[in-house]
>>> print(open('protein35.csv').read())   # CSV, C-alpha atoms
chain,number,residue,atom,x,y,z
A,1,MET,CA,-80.9,26.6,-18.6
A,2,THR,CA,-79.2,28.9,-21.1
A,3,ASP,CA,-80.0,29.0,-24.8
A,4,LEU,CA,-76.7,27.4,-25.5
A,5,GLN,CA,-77.4,24.5,-23.1
A,6,ILE,CA,-80.9,24.1,-24.7
A,7,ALA,CA,-79.4,24.1,-28.2
A,8,GLU,CA,-76.8,21.5,-27.2
A,9,LYS,CA,-79.4,19.3,-25.5
A,10,ASN,CA,-81.6,19.5,-28.6
A,11,LEU,CA,-78.8,18.8,-31.2
A,12,GLU,CA,-79.3,15.0,-31.1
A,13,GLY,CA,-81.0,13.9,-34.4
A,14,HIS,CA,-80.1,17.2,-36.1
A,15,THR,CA,-76.9,18.7,-37.7
A,16,ILE,CA,-77.6,22.1,-36.1
A,17,CYS,CA,-79.8,23.6,-33.5
A,18,LEU,CA,-80.2,27.4,-32.9
A,19,CYS,CA,-81.9,28.7,-29.8
A,20,LYS,CA,-83.1,32.1,-28.6
A,21,ASP,CA,-85.3,32.7,-25.6
A,22,GLY,CA,-86.1,28.9,-25.5
A,23,GLN,CA,-87.3,28.8,-29.1
A,24,CYS,CA,-85.3,26.5,-31.3
A,25,LEU,CA,-84.6,26.2,-35.1
A,26,PHE,CA,-83.3,22.9,-36.4
A,27,SER,CA,-81.8,21.5,-39.6
A,28,GLU,CA,-80.7,18.1,-40.8
A,29,LYS,CA,-78.7,19.5,-43.8
A,30,ASN,CA,-75.0,19.0,-43.9
A,31,GLY,CA,-72.1,21.5,-43.7
A,32,ILE,CA,-72.8,25.1,-44.1
A,33,ALA,CA,-76.1,24.5,-45.9
A,34,PRO,CA,-78.3,25.3,-42.9
A,35,MET,CA,-76.7,28.6,-42.2
A,36,MET,CA,-76.6,29.6,-45.9
A,37,GLY,CA,-80.4,28.7,-46.1
A,38,PHE,CA,-81.3,30.8,-43.1
A,39,ILE,CA,-79.4,33.7,-44.5
A,40,ALA,CA,-81.0,33.3,-48.0
A,41,ASP,CA,-84.4,33.2,-46.3
A,42,ASN,CA,-83.6,36.4,-44.4
A,43,ILE,CA,-84.1,34.8,-41.0
A,44,ASP,CA,-82.9,37.1,-38.3
A,45,LEU,CA,-80.5,35.0,-36.1
A,46,GLU,CA,-79.1,37.9,-34.0
A,47,GLY,CA,-78.7,36.8,-30.4
A,48,TYR,CA,-79.3,33.1,-31.1
A,49,SER,CA,-77.0,30.4,-29.6
A,50,VAL,CA,-75.9,27.6,-31.8
A,51,ALA,CA,-75.1,23.9,-31.3
A,52,ASP,CA,-73.5,22.4,-34.4
A,53,LEU,CA,-71.8,19.0,-35.2
A,54,VAL,CA,-68.9,20.5,-37.1
A,55,VAL,CA,-67.7,24.1,-37.0
A,56,GLY,CA,-64.8,25.2,-39.2
A,57,LYS,CA,-63.8,28.7,-40.3
A,58,ALA,CA,-66.6,28.8,-43.0
A,59,ALA,CA,-69.3,28.2,-40.4
A,60,ALA,CA,-67.7,30.5,-37.9
A,61,LEU,CA,-67.7,33.3,-40.4
A,62,LEU,CA,-71.4,32.8,-41.1
A,63,PHE,CA,-72.1,32.8,-37.3
A,64,VAL,CA,-70.3,36.1,-37.0
A,65,LYS,CA,-72.2,37.5,-40.0
A,66,CYS,CA,-75.5,36.5,-38.3
A,67,LYS,CA,-74.5,37.9,-34.9
A,68,ILE,CA,-74.7,34.6,-33.1
A,69,LYS,CA,-74.3,35.0,-29.4
A,70,ALA,CA,-72.6,31.7,-28.4
A,71,VAL,CA,-71.5,28.4,-30.1
A,72,PHE,CA,-71.2,24.8,-29.1
A,73,ALA,CA,-69.4,22.4,-31.5
A,74,LYS,CA,-69.0,18.7,-31.3
A,75,THR,CA,-65.9,19.2,-33.5
A,76,LEU,CA,-64.3,22.6,-33.9
A,77,SER,CA,-61.3,23.6,-36.1
A,78,LYS,CA,-58.6,25.8,-34.7
A,79,SER,CA,-59.3,28.4,-37.5
A,80,GLY,CA,-63.0,28.3,-36.5
A,81,GLU,CA,-62.1,28.8,-32.9
A,82,GLU,CA,-59.9,31.8,-33.8
A,83,VAL,CA,-62.7,33.5,-35.8
A,84,LEU,CA,-65.2,33.1,-33.0
A,85,LYS,CA,-62.7,34.3,-30.3
A,86,ASN,CA,-61.6,37.2,-32.4
A,87,ASN,CA,-65.2,38.3,-32.6
A,88,ASN,CA,-66.0,37.8,-28.9
A,89,ILE,CA,-68.3,34.9,-29.4
A,90,PRO,CA,-68.0,32.4,-26.6
A,91,VAL,CA,-67.3,28.8,-27.8
A,92,GLU,CA,-67.5,25.4,-26.2
A,93,TYR,CA,-66.5,22.2,-27.9
A,94,GLU,CA,-65.9,18.5,-27.5
A,95,ILE,CA,-63.0,18.0,-30.0
A,96,LEU,CA,-60.6,20.6,-31.3
A,97,THR,CA,-59.0,19.7,-34.6
A,98,GLU,CA,-56.3,21.2,-36.8
A,99,LYS,CA,-58.7,21.4,-39.9
A,100,ILE,CA,-62.0,20.2,-41.2
A,101,ILE,CA,-61.6,17.4,-43.8
A,102,ASN,CA,-63.8,16.8,-46.8
A,103,ARG,CA,-66.4,14.0,-46.8
A,104,ASP,CA,-64.0,11.7,-48.8
A,105,GLY,CA,-61.4,12.1,-46.1
A,106,THR,CA,-58.8,13.0,-48.8
A,107,ASP,CA,-58.3,16.8,-48.4
A,108,ILE,CA,-59.3,19.9,-46.5
A,109,CYS,CA,-63.1,20.7,-46.8
A,110,PRO,CA,-63.8,22.8,-49.9
A,111,MET,CA,-65.7,25.4,-47.9
A,112,GLU,CA,-62.7,25.8,-45.6
A,113,LYS,CA,-60.4,26.2,-48.6
A,114,THR,CA,-62.8,28.9,-50.0
A,115,VAL,CA,-62.4,31.1,-46.9
A,116,LEU,CA,-58.8,30.4,-46.1
A,117,GLN,CA,-57.6,33.9,-47.0
A,118,THR,CA,-60.3,36.0,-45.4
A,119,SER,CA,-61.4,36.9,-41.9
A,120,ASP,CA,-64.2,39.2,-43.0
A,121,PRO,CA,-67.7,37.7,-42.5
A,122,GLU,CA,-69.3,39.5,-45.5
A,123,GLU,CA,-66.5,38.5,-47.9
A,124,GLY,CA,-66.6,35.0,-46.5
A,125,TYR,CA,-70.3,34.7,-47.1
A,126,MET,CA,-69.9,36.0,-50.7
A,127,LEU,CA,-67.0,33.6,-51.4
A,128,LEU,CA,-69.1,30.7,-50.0
A,129,LYS,CA,-72.2,31.7,-52.0
A,130,HIS,CA,-70.2,31.7,-55.2
A,131,LYS,CA,-68.5,28.4,-54.4
A,132,LEU,CA,-71.8,26.7,-53.7
A,133,GLN,CA,-73.2,28.1,-57.0
A,134,SER,CA,-70.2,26.8,-59.0
A,135,MET,CA,-70.5,23.3,-57.4
A,136,LYS,CA,-74.2,23.1,-58.6
A,137,LYS,CA,-73.2,23.4,-62.3
>>> encode(input="protein35.csv", output="structure tokens")
Amino acid sequence: MTDLQIAEKNLEGHTICLCKDGQCLFSEKNGIAPMMGFIADNIDLEGYSVADLVVGKAAALLFVKCKIKAVFAKTLSKSGEEVLKNNNIPVEYEILTEKIINRDGTDICPMEKTVLQTSDPEEGYMLLKHKLQSMKK
């Protein structure tokens, strides 16, 4: 079984599962919070495969930044797919959607809006970090 298959199999009950050499990391946090946390904690995710419930452009940019090897998404946005494919990261999904919607269902996700104009993973990370800080105030 591949790391991506193991991650996908172990996603149930979690929002994200990352797997490398059969070892898995999990989170139950929503949105991009798990990836932002792993980055803040300086966890080396290079070569991990990821299974995630929702992958939009914001999450895809973080996966590129962390040098993720492969991605499975229950729901994937077209912009997230584009980022992953442009960075040669294989991606599988159940549902492909035009865009990721906010939790109220009233607009595009604020994290997606934040990275709309960039395709650079480092810039995307900094924009997302500032956005999250501004939302805490």
>>> closest_residue(input="protein35.csv", among="A:Ile100, A:Leu127, A:Val91, A:Val71", to="A:Lys57", atoms="all atoms listed in the file")
A:Ile100
>>> atom_distance(input="protein35.csv", atom1="atom CA of A:Met111", atom2="atom CA of A:Leu128")
6.6 Å
>>> atom_distance(input="protein35.csv", atom1="atom CA of A:Val115", atom2="atom CA of A:Phe26")
24.8 Å
>>> residues_around(input="protein35.csv", residues="A:Glu46", least_positions_apart="2", cutoff="6 Å", atoms="all atoms listed in the file", output="list in words")
Asp44, Tyr48, Cys66, Lys67 and Ile68 of chain A
>>> residues_near_point(input="protein35.csv", point="(-76.6, 30.7, -41.4)", cutoff="12 Å", atoms="all atoms listed in the file", output="number ranges by chain")
A: 16-18, 25-27, 29, 31-46, 48-50, 52, 55, 58-68, 121, 125, 128-129
>>> closest_residue(input="protein35.csv", among="A:Asp3, A:Glu122, A:Asp21, A:Glu98", to="A:Gly80", atoms="all atoms listed in the file")
A:Glu98
>>> residues_near_point(input="protein35.csv", point="(-64.6, 21.9, -34.0)", cutoff="10 Å", atoms="only C-alpha atoms", output="list in words")
Asp52, Leu53, Val54, Val55, Gly56, Lys57, Ala60, Phe72, Ala73, Lys74, Thr75, Leu76, Ser77, Lys78, Ser79, Gly80, Glu81, Val91, Glu92, Tyr93, Glu94, Ile95, Leu96, Thr97, Glu98, Lys99 and Ile100 of chain A
>>> atom_distance(input="protein35.csv", atom1="atom CA of A:Asn87", atom2="atom CA of A:Thr2")
20.4 Å
>>> closest_residue(input="protein35.csv", among="A:Lys9, A:Lys85, A:His14, A:Lys20", to="A:Ser119", atoms="all atoms listed in the file")
A:Lys85
>>> closest_residue(input="protein35.csv", among="A:Gly47, A:Pro110, A:Gly124, A:Gly105", to="A:Cys19", atoms="all atoms listed in the file")
A:Gly47
>>> axis_aligned_box(input="protein35.csv", around="stretch 53-58 of chain A", padding_each_side="3 Å", output="lines of an AutoDock Vina configuration file")
center_x = -67.8
center_y = 23.9
center_z = -39.1
size_x = 14.0
size_y = 15.8
size_z = 13.8
>>> residues_around(input="protein35.csv", residues="A:Ile89", least_positions_apart="3", cutoff="7 Å", atoms="only C-alpha atoms", output="ChimeraX atom specification")
/A:69-70,84-85
